[in-house]
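Heads up, run_25.cif below (mmCIF, N, CA and C atoms and all ligand atoms):
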```cif
data_final
#
loop_
_atom_site.label_atom_id
_atom_site.label_comp_id
_atom_site.auth_asym_id
_atom_site.auth_seq_id
_atom_site.Cartn_x
_atom_site.Cartn_y
_atom_site.Cartn_z
N MET A 196 99.46 42.32 124.98
CA MET A 196 100.64 41.99 125.77
C MET A 196 101.88 41.80 124.88
N SER A 197 101.67 41.54 123.58
CA SER A 197 102.85 41.45 122.73
C SER A 197 102.97 42.72 121.90
N ASP A 198 104.13 43.33 122.00
CA ASP A 198 104.39 44.58 121.30
C ASP A 198 105.41 44.27 120.19
N PRO A 199 105.05 44.49 118.93
CA PRO A 199 105.97 44.12 117.83
C PRO A 199 107.31 44.83 117.89
N ARG A 200 107.39 45.94 118.61
CA ARG A 200 108.67 46.63 118.72
C ARG A 200 109.66 45.84 119.55
N PHE A 201 109.15 44.99 120.44
CA PHE A 201 110.02 44.23 121.33
C PHE A 201 109.98 42.73 121.04
N GLU A 202 109.50 42.39 119.84
CA GLU A 202 109.47 40.98 119.47
C GLU A 202 110.39 40.73 118.29
N PRO A 203 111.43 39.94 118.49
CA PRO A 203 112.35 39.69 117.39
C PRO A 203 111.79 38.65 116.42
N GLU A 204 112.05 38.89 115.14
CA GLU A 204 111.67 37.94 114.12
C GLU A 204 112.88 37.08 113.77
N TYR A 205 114.05 37.73 113.88
CA TYR A 205 115.31 37.05 113.57
C TYR A 205 116.38 37.55 114.51
N VAL A 206 117.17 36.64 115.05
CA VAL A 206 118.34 37.00 115.84
C VAL A 206 119.50 36.16 115.33
N GLY A 207 120.59 36.81 114.93
CA GLY A 207 121.72 36.04 114.45
C GLY A 207 122.79 36.94 113.90
N PRO A 208 123.85 36.34 113.37
CA PRO A 208 124.93 37.15 112.81
C PRO A 208 124.52 37.79 111.50
N ASP A 209 125.16 38.91 111.17
CA ASP A 209 124.94 39.49 109.85
C ASP A 209 125.73 38.70 108.82
N GLU A 210 125.70 39.13 107.55
CA GLU A 210 126.32 38.29 106.51
C GLU A 210 127.83 38.21 106.64
N THR A 211 128.45 39.20 107.30
CA THR A 211 129.89 39.14 107.47
C THR A 211 130.29 38.40 108.76
N GLY A 212 129.32 38.11 109.59
CA GLY A 212 129.60 37.40 110.82
C GLY A 212 130.25 38.24 111.89
N THR A 213 130.31 39.54 111.69
CA THR A 213 130.98 40.40 112.66
C THR A 213 130.01 41.14 113.57
N ARG A 214 128.75 41.12 113.21
CA ARG A 214 127.77 41.83 114.02
C ARG A 214 126.58 40.95 114.31
N LEU A 215 125.93 41.26 115.41
CA LEU A 215 124.70 40.56 115.74
C LEU A 215 123.52 41.41 115.26
N VAL A 216 122.62 40.76 114.56
CA VAL A 216 121.48 41.46 114.00
C VAL A 216 120.20 40.98 114.68
N VAL A 217 119.36 41.93 115.04
CA VAL A 217 118.02 41.61 115.52
C VAL A 217 117.03 42.31 114.60
N ARG A 218 116.21 41.51 113.94
CA ARG A 218 115.18 42.10 113.10
C ARG A 218 113.85 42.00 113.85
N TRP A 219 113.21 43.14 114.03
CA TRP A 219 112.01 43.21 114.86
C TRP A 219 110.75 43.06 114.01
N LYS A 220 109.67 42.67 114.69
CA LYS A 220 108.43 42.42 113.96
C LYS A 220 107.80 43.69 113.41
N ASP A 221 108.22 44.85 113.90
CA ASP A 221 107.68 46.08 113.32
C ASP A 221 108.51 46.55 112.12
N GLY A 222 109.52 45.73 111.72
CA GLY A 222 110.28 46.04 110.53
C GLY A 222 111.62 46.69 110.80
N ALA A 223 111.86 47.15 112.01
CA ALA A 223 113.13 47.78 112.34
C ALA A 223 114.22 46.72 112.47
N VAL A 224 115.46 47.15 112.26
CA VAL A 224 116.60 46.25 112.41
C VAL A 224 117.61 46.90 113.35
N SER A 225 118.05 46.16 114.34
CA SER A 225 119.10 46.63 115.24
C SER A 225 120.36 45.81 114.98
N GLU A 226 121.49 46.50 114.92
CA GLU A 226 122.77 45.81 114.72
C GLU A 226 123.71 46.17 115.85
N PHE A 227 124.42 45.17 116.34
CA PHE A 227 125.33 45.40 117.46
C PHE A 227 126.68 44.77 117.16
N THR A 228 127.75 45.46 117.55
CA THR A 228 129.01 44.75 117.61
C THR A 228 128.98 43.94 118.90
N PRO A 229 129.59 42.76 118.89
CA PRO A 229 129.54 41.92 120.10
C PRO A 229 130.03 42.65 121.34
N ARG A 230 131.13 43.39 121.19
CA ARG A 230 131.71 44.04 122.36
C ARG A 230 130.77 45.10 122.94
N PHE A 231 130.06 45.78 122.06
CA PHE A 231 129.10 46.77 122.53
C PHE A 231 128.06 46.11 123.44
N LEU A 232 127.56 44.98 123.01
CA LEU A 232 126.57 44.27 123.82
C LEU A 232 127.18 43.78 125.13
N ARG A 233 128.40 43.26 125.02
CA ARG A 233 129.07 42.76 126.23
C ARG A 233 129.22 43.87 127.26
N LEU A 234 129.62 45.06 126.79
CA LEU A 234 129.83 46.18 127.71
C LEU A 234 128.52 46.70 128.28
N ASN A 235 127.42 46.40 127.61
CA ASN A 235 126.13 46.86 128.10
C ASN A 235 125.38 45.80 128.88
N CYS A 236 126.09 44.78 129.30
CA CYS A 236 125.49 43.76 130.14
C CYS A 236 124.93 44.41 131.41
N ARG A 237 123.74 43.97 131.80
CA ARG A 237 123.08 44.57 132.97
C ARG A 237 123.01 43.61 134.15
N CYS A 238 123.81 42.56 134.11
CA CYS A 238 123.69 41.57 135.17
C CYS A 238 124.35 42.07 136.46
N ALA A 239 124.13 41.35 137.54
CA ALA A 239 124.59 41.78 138.86
C ALA A 239 126.10 41.82 138.97
N ARG A 240 126.80 41.10 138.07
CA ARG A 240 128.25 41.13 138.10
C ARG A 240 128.82 42.30 137.30
N CYS A 241 128.01 42.93 136.49
CA CYS A 241 128.48 44.04 135.65
C CYS A 241 127.93 45.39 136.09
N VAL A 242 126.81 45.37 136.81
CA VAL A 242 126.18 46.60 137.27
C VAL A 242 125.83 46.44 138.74
N ASP A 243 126.16 47.44 139.52
CA ASP A 243 125.81 47.41 140.94
C ASP A 243 124.30 47.51 141.10
N GLU A 244 123.72 46.48 141.74
CA GLU A 244 122.27 46.42 141.83
C GLU A 244 121.68 47.57 142.66
N MET A 245 122.44 48.04 143.66
CA MET A 245 121.93 49.10 144.52
C MET A 245 121.99 50.46 143.83
N THR A 246 123.10 50.73 143.18
CA THR A 246 123.29 52.07 142.62
C THR A 246 123.00 52.15 141.13
N GLY A 247 122.99 50.99 140.45
CA GLY A 247 122.79 51.02 139.01
C GLY A 247 124.03 51.44 138.25
N ILE A 248 125.14 51.63 138.97
CA ILE A 248 126.38 52.05 138.32
C ILE A 248 127.12 50.84 137.78
N ARG A 249 127.64 50.97 136.57
CA ARG A 249 128.35 49.86 135.95
C ARG A 249 129.68 49.61 136.66
N THR A 250 129.87 48.36 137.08
CA THR A 250 131.12 48.00 137.76
C THR A 250 132.07 47.29 136.80
N LEU A 251 131.55 46.89 135.64
CA LEU A 251 132.38 46.23 134.65
C LEU A 251 133.37 47.24 134.07
N SER A 252 134.64 46.87 134.09
CA SER A 252 135.65 47.75 133.50
C SER A 252 135.87 47.35 132.05
N PRO A 253 135.67 48.28 131.11
CA PRO A 253 135.85 47.95 129.69
C PRO A 253 137.23 47.37 129.40
N ALA A 254 138.22 47.75 130.21
CA ALA A 254 139.58 47.28 129.98
C ALA A 254 139.70 45.76 130.15
N THR A 255 138.77 45.16 130.90
CA THR A 255 138.83 43.72 131.14
C THR A 255 138.12 42.92 130.04
N VAL A 256 137.49 43.62 129.11
CA VAL A 256 136.75 42.94 128.05
C VAL A 256 137.57 42.95 126.76
N PRO A 257 137.92 41.78 126.25
CA PRO A 257 138.74 41.73 125.03
C PRO A 257 138.07 42.45 123.86
N GLU A 258 138.88 43.08 123.02
CA GLU A 258 138.35 43.76 121.85
C GLU A 258 137.56 42.82 120.95
N ASP A 259 138.00 41.55 120.92
CA ASP A 259 137.39 40.61 119.98
C ASP A 259 136.43 39.65 120.67
N VAL A 260 135.86 40.08 121.79
CA VAL A 260 134.90 39.23 122.50
C VAL A 260 133.73 38.90 121.56
N TYR A 261 133.23 37.68 121.67
CA TYR A 261 132.11 37.30 120.81
C TYR A 261 131.22 36.31 121.54
N PRO A 262 129.97 36.19 121.12
CA PRO A 262 129.07 35.25 121.80
C PRO A 262 129.35 33.82 121.39
N LEU A 263 129.55 32.97 122.38
CA LEU A 263 129.72 31.54 122.12
C LEU A 263 128.37 30.88 121.92
N ALA A 264 127.39 31.37 122.65
CA ALA A 264 126.05 30.80 122.56
C ALA A 264 125.03 31.86 122.92
N ILE A 265 123.91 31.81 122.23
CA ILE A 265 122.80 32.72 122.53
C ILE A 265 121.55 31.87 122.72
N ARG A 266 120.88 32.10 123.83
CA ARG A 266 119.69 31.30 124.10
C ARG A 266 118.53 32.20 124.45
N ALA A 267 117.34 31.71 124.16
CA ALA A 267 116.14 32.45 124.53
C ALA A 267 115.88 32.24 126.01
N VAL A 268 115.55 33.32 126.71
CA VAL A 268 115.18 33.23 128.12
C VAL A 268 113.70 33.60 128.20
N GLY A 269 112.87 32.59 128.38
CA GLY A 269 111.44 32.83 128.35
C GLY A 269 111.06 33.44 127.02
N ARG A 270 110.14 34.35 127.02
CA ARG A 270 109.71 34.98 125.78
C ARG A 270 110.16 36.42 125.70
N TYR A 271 111.00 36.84 126.66
CA TYR A 271 111.25 38.26 126.75
C TYR A 271 112.72 38.65 126.64
N ALA A 272 113.61 37.69 126.60
CA ALA A 272 115.02 38.06 126.68
C ALA A 272 115.93 37.03 126.02
N LEU A 273 117.17 37.46 125.78
CA LEU A 273 118.22 36.58 125.31
C LEU A 273 119.27 36.43 126.40
N GLY A 274 119.77 35.22 126.55
CA GLY A 274 120.91 34.99 127.43
C GLY A 274 122.12 34.72 126.55
N VAL A 275 123.25 35.33 126.90
CA VAL A 275 124.44 35.19 126.07
C VAL A 275 125.59 34.61 126.89
N THR A 276 126.24 33.61 126.32
CA THR A 276 127.50 33.12 126.87
C THR A 276 128.62 33.72 126.04
N TRP A 277 129.50 34.48 126.71
CA TRP A 277 130.54 35.22 126.00
C TRP A 277 131.86 34.47 125.98
N SER A 278 132.68 34.81 125.00
CA SER A 278 133.97 34.14 124.86
C SER A 278 134.93 34.48 125.99
N ASP A 279 134.63 35.54 126.78
CA ASP A 279 135.50 35.84 127.92
C ASP A 279 135.05 35.09 129.17
N GLY A 280 134.10 34.16 129.01
CA GLY A 280 133.69 33.32 130.12
C GLY A 280 132.47 33.83 130.86
N HIS A 281 131.99 35.00 130.48
CA HIS A 281 130.84 35.60 131.17
C HIS A 281 129.55 34.99 130.63
N ASP A 282 128.72 34.46 131.52
CA ASP A 282 127.51 33.81 130.99
C ASP A 282 126.25 34.14 131.77
N THR A 283 126.31 35.19 132.60
CA THR A 283 125.12 35.54 133.38
C THR A 283 124.37 36.73 132.78
N GLY A 284 124.82 37.18 131.62
CA GLY A 284 124.17 38.34 131.02
C GLY A 284 122.85 37.98 130.36
N ILE A 285 121.82 38.73 130.70
CA ILE A 285 120.52 38.55 130.08
C ILE A 285 120.10 39.89 129.49
N TYR A 286 119.71 39.84 128.25
CA TYR A 286 119.35 41.07 127.53
C TYR A 286 117.87 40.99 127.17
N SER A 287 117.05 41.77 127.86
CA SER A 287 115.64 41.77 127.51
C SER A 287 115.48 42.39 126.13
N TYR A 288 114.44 41.97 125.43
CA TYR A 288 114.23 42.51 124.09
C TYR A 288 114.01 44.01 124.13
N GLU A 289 113.41 44.47 125.21
CA GLU A 289 113.19 45.91 125.36
C GLU A 289 114.53 46.64 125.43
N LEU A 290 115.47 46.07 126.22
CA LEU A 290 116.81 46.66 126.32
C LEU A 290 117.51 46.62 124.96
N LEU A 291 117.43 45.48 124.27
CA LEU A 291 118.09 45.36 122.97
C LEU A 291 117.56 46.39 121.99
N ARG A 292 116.26 46.57 122.01
CA ARG A 292 115.67 47.54 121.08
C ARG A 292 116.18 48.94 121.40
N ARG A 293 116.26 49.27 122.68
CA ARG A 293 116.72 50.60 123.07
C ARG A 293 118.20 50.79 122.72
N LEU A 294 119.01 49.77 123.02
CA LEU A 294 120.43 49.84 122.69
C LEU A 294 120.64 49.96 121.18
N GLY A 295 119.80 49.25 120.43
CA GLY A 295 119.91 49.29 118.98
C GLY A 295 119.64 50.69 118.46
N ASP A 296 118.62 51.32 118.99
CA ASP A 296 118.30 52.68 118.56
C ASP A 296 119.42 53.64 118.95
N GLU A 297 120.00 53.41 120.14
CA GLU A 297 121.10 54.28 120.58
C GLU A 297 122.36 54.07 119.74
N SER A 298 122.70 52.81 119.46
CA SER A 298 123.96 52.55 118.78
C SER A 298 123.90 52.97 117.32
N SER A 299 122.73 52.93 116.72
CA SER A 299 122.67 53.36 115.32
C SER A 299 122.86 54.87 115.24
N ARG A 300 122.47 55.58 116.28
CA ARG A 300 122.74 57.02 116.31
C ARG A 300 124.23 57.26 116.55
N ALA A 301 124.81 56.51 117.48
CA ALA A 301 126.22 56.71 117.83
C ALA A 301 127.13 56.38 116.64
N ASP A 302 126.75 55.36 115.85
CA ASP A 302 127.57 54.97 114.71
C ASP A 302 127.84 56.13 113.76
N SER A 303 126.83 56.95 113.58
CA SER A 303 126.95 57.95 112.53
C SER A 303 127.85 59.12 112.93
N ASP A 304 127.96 59.39 114.23
CA ASP A 304 128.76 60.58 114.57
C ASP A 304 130.01 60.30 115.41
N SER A 305 130.27 59.05 115.77
CA SER A 305 131.50 58.80 116.52
C SER A 305 132.19 57.52 116.07
N PRO A 306 132.99 57.61 115.02
CA PRO A 306 133.77 56.44 114.60
C PRO A 306 134.77 56.07 115.69
N THR A 307 134.98 54.78 115.91
CA THR A 307 135.88 54.36 116.98
C THR A 307 137.34 54.38 116.54
N GLY A 308 137.58 54.26 115.24
CA GLY A 308 138.95 54.33 114.75
C GLY A 308 139.79 53.12 115.08
N ASN A 309 139.14 51.99 115.39
CA ASN A 309 139.89 50.79 115.73
C ASN A 309 140.54 50.12 114.52
N ASP A 310 140.15 50.52 113.33
CA ASP A 310 140.65 49.87 112.12
C ASP A 310 142.17 49.96 112.00
N ALA A 311 142.73 51.06 112.49
CA ALA A 311 144.16 51.29 112.34
C ALA A 311 144.98 50.29 113.17
N ALA A 312 144.36 49.68 114.17
CA ALA A 312 145.10 48.83 115.09
C ALA A 312 145.42 47.45 114.51
N SER A 313 144.75 47.08 113.43
CA SER A 313 144.91 45.70 112.96
C SER A 313 146.15 45.51 112.10
ZN ZN B 1 127.15 40.76 133.10
#
```

Can I see the file as structure tokens?
Ligand SMILES: [Zn+2]
Amino acid sequence: MSDPRFEPEYVGPDETGTRLVVRWKDGAVSEFTPRFLRLNCRCARCVDEMTGIRTLSPATVPEDVYPLAIRAVGRYALGVTWSDGHDTGIYSYELLRRLGDESSRADSDSPTGNDAAS
């Protein structure tokens, strides 16, 4: 019943404090920018439960959104309270693992170019 691919060994900020790191028991590491996770929230306020279509508009999410608090939800998920006031988001470890695999692929071929804005 426990799959090491979906069991985190460590959850927390990376050394620069700008990314959230999940280190899995099978040795893989997933890294997320906070905003990426925020935009991938699957809760009923961000995704239409009937259609599965995301209703959250990225324009309403601040570029510098960050987690105020992260809590374990049972043994299968993380609950995040975000700096934009959103606190109903629950991220199952299975979802986090999948998003981590997706975002590490996206990182390599699509730079966001946000650096110029600062
Ligand atoms: Zn949400």

Residues of chain A that approach ligand ZN 1 (chain B) to 5 Å or less, counting all atoms listed in the file: could you list each one with the shortest pair of atoms and its distance in Å to one decimal, rows by chain and increasing residue number, as CSV?
```
residue,atom,partner,partner_atom,distance
A:Cys236,CA,B:ZN1,ZN,4.5
A:Arg237,N,B:ZN1,ZN,4.9
A:Cys238,N,B:ZN1,ZN,3.9
A:Arg240,C,B:ZN1,ZN,4.8
A:Cys241,N,B:ZN1,ZN,4.1
A:Thr283,C,B:ZN1,ZN,4.9
A:Gly284,CA,B:ZN1,ZN,4.4
```

Can you spit out the residues from that selection as a PDB file, keeping the file's coordinate frame, using N, CA and C atoms?
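As written to disk, again.pdb reads:
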```
ATOM      1  N   CYS A 236     126.090  44.780 129.300  1.00  0.00           N
ATOM      2  CA  CYS A 236     125.490  43.760 130.140  1.00  0.00           C
ATOM      3  C   CYS A 236     124.930  44.410 131.410  1.00  0.00           C
ATOM      4  N   ARG A 237     123.740  43.970 131.800  1.00  0.00           N
ATOM      5  CA  ARG A 237     123.080  44.570 132.970  1.00  0.00           C
ATOM      6  C   ARG A 237     123.010  43.610 134.150  1.00  0.00           C
ATOM      7  N   CYS A 238     123.810  42.560 134.110  1.00  0.00           N
ATOM      8  CA  CYS A 238     123.690  41.570 135.170  1.00  0.00           C
ATOM      9  C   CYS A 238     124.350  42.070 136.460  1.00  0.00           C
ATOM     10  N   ARG A 240     126.800  41.100 138.070  1.00  0.00           N
ATOM     11  CA  ARG A 240     128.250  41.130 138.100  1.00  0.00           C
ATOM     12  C   ARG A 240     128.820  42.300 137.300  1.00  0.00           C
ATOM     13  N   CYS A 241     128.010  42.930 136.490  1.00  0.00           N
ATOM     14  CA  CYS A 241     128.480  44.040 135.650  1.00  0.00           C
ATOM     15  C   CYS A 241     127.930  45.390 136.090  1.00  0.00           C
ATOM     16  N   THR A 283     126.310  35.190 132.600  1.00  0.00           N
ATOM     17  CA  THR A 283     125.120  35.540 133.380  1.00  0.00           C
ATOM     18  C   THR A 283     124.370  36.730 132.780  1.00  0.00           C
ATOM     19  N   GLY A 284     124.820  37.180 131.620  1.00  0.00           N
ATOM     20  CA  GLY A 284     124.170  38.340 131.020  1.00  0.00           C
ATOM     21  C   GLY A 284     122.850  37.980 130.360  1.00  0.00           C
TER      22      GLY A 284
END
```

inquiry  = Could you pull out the helix (DSSP H, G or I) residues of segment 205-297 of chain A, going by DSSP on the backbone, and write them as a list in words?
reply    = Pro229, Arg230, Phe231, Leu232, Arg233, Leu234, Pro253, Ala254, Thr255, Tyr288, Glu289, Leu290, Leu291, Arg292, Arg293, Leu294, Gly295, Asp296 and Glu297 of chain A

task = Using only N, CA and C atoms, find the one residue out of A:Ala223, A:Val256, A:Ala239, A:Val268 that sits nearest to Arg200 of chain A.
result = A:Ala223

inquiry  = I'd like to know which residues of segment 240-281 of chain A are strand (DSSP E or B) (by DSSP, run on the backbone); could you write them as an MDAnalysis selection string?
reply    = chainID A and resid 242 249 262:268 272:277

ask   = atom N of Val260 of chain A to atom C of Gly222 of chain A: how many Å, to one decimal?
value = 27.4 Å

key: atom CA of Leu232 of chain A to atom C of Gly274 of chain A, straight-line distance in Å   = 10.9 Å

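Taking only N, CA and C atoms into account, Glu289 of chain A lies nearest to A:Leu273 out of the set A:Leu273, A:Thr250, A:Phe227, A:Pro257.
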
task = Mind listing whatever residues come within 8 Å of the point (114.9, 36.2, 113.7)? Use only N, CA and C atoms, file coordinates, and give them as a PyMOL selection string.
result = chain A and resi 202-207+216-219

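The nearest approach to Leu291 of chain A among the residues A:Ile265, A:Thr211, A:Glu226, A:Arg270, with only C-alpha atoms taken into account, belongs to A:Glu226.
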
message = Just checking: using only C-alpha atoms, which residue out of A:Asp209, A:Ser225, A:Arg233, A:Met245 ends up closest to Tyr286 of chain A?
response =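 Of the candidates, the smallest distance to Tyr286 of chain A is held by A:Arg233.
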
message = If I take atom C of Ser287 of chain A and atom C of Pro199 of chain A, how far is one from the other in Å, to one decimal?
response = 11.9 Å

key: Pick from A:Ile248, A:Thr255, A:Arg214, A:Tyr288 nearest to Ala267 of chain A, counting only C-alpha atoms   =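 Among the listed residues, the smallest separation from Ala267 of chain A belongs to A:Tyr288.
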
query = So which one's closest to Ala264 of chain A, A:Ser299, A:Ser197, A:Thr246, A:Thr276? Using only C-alpha atoms, please.
reply =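 For Ala264 of chain A, the nearest of the given residues is A:Thr276.
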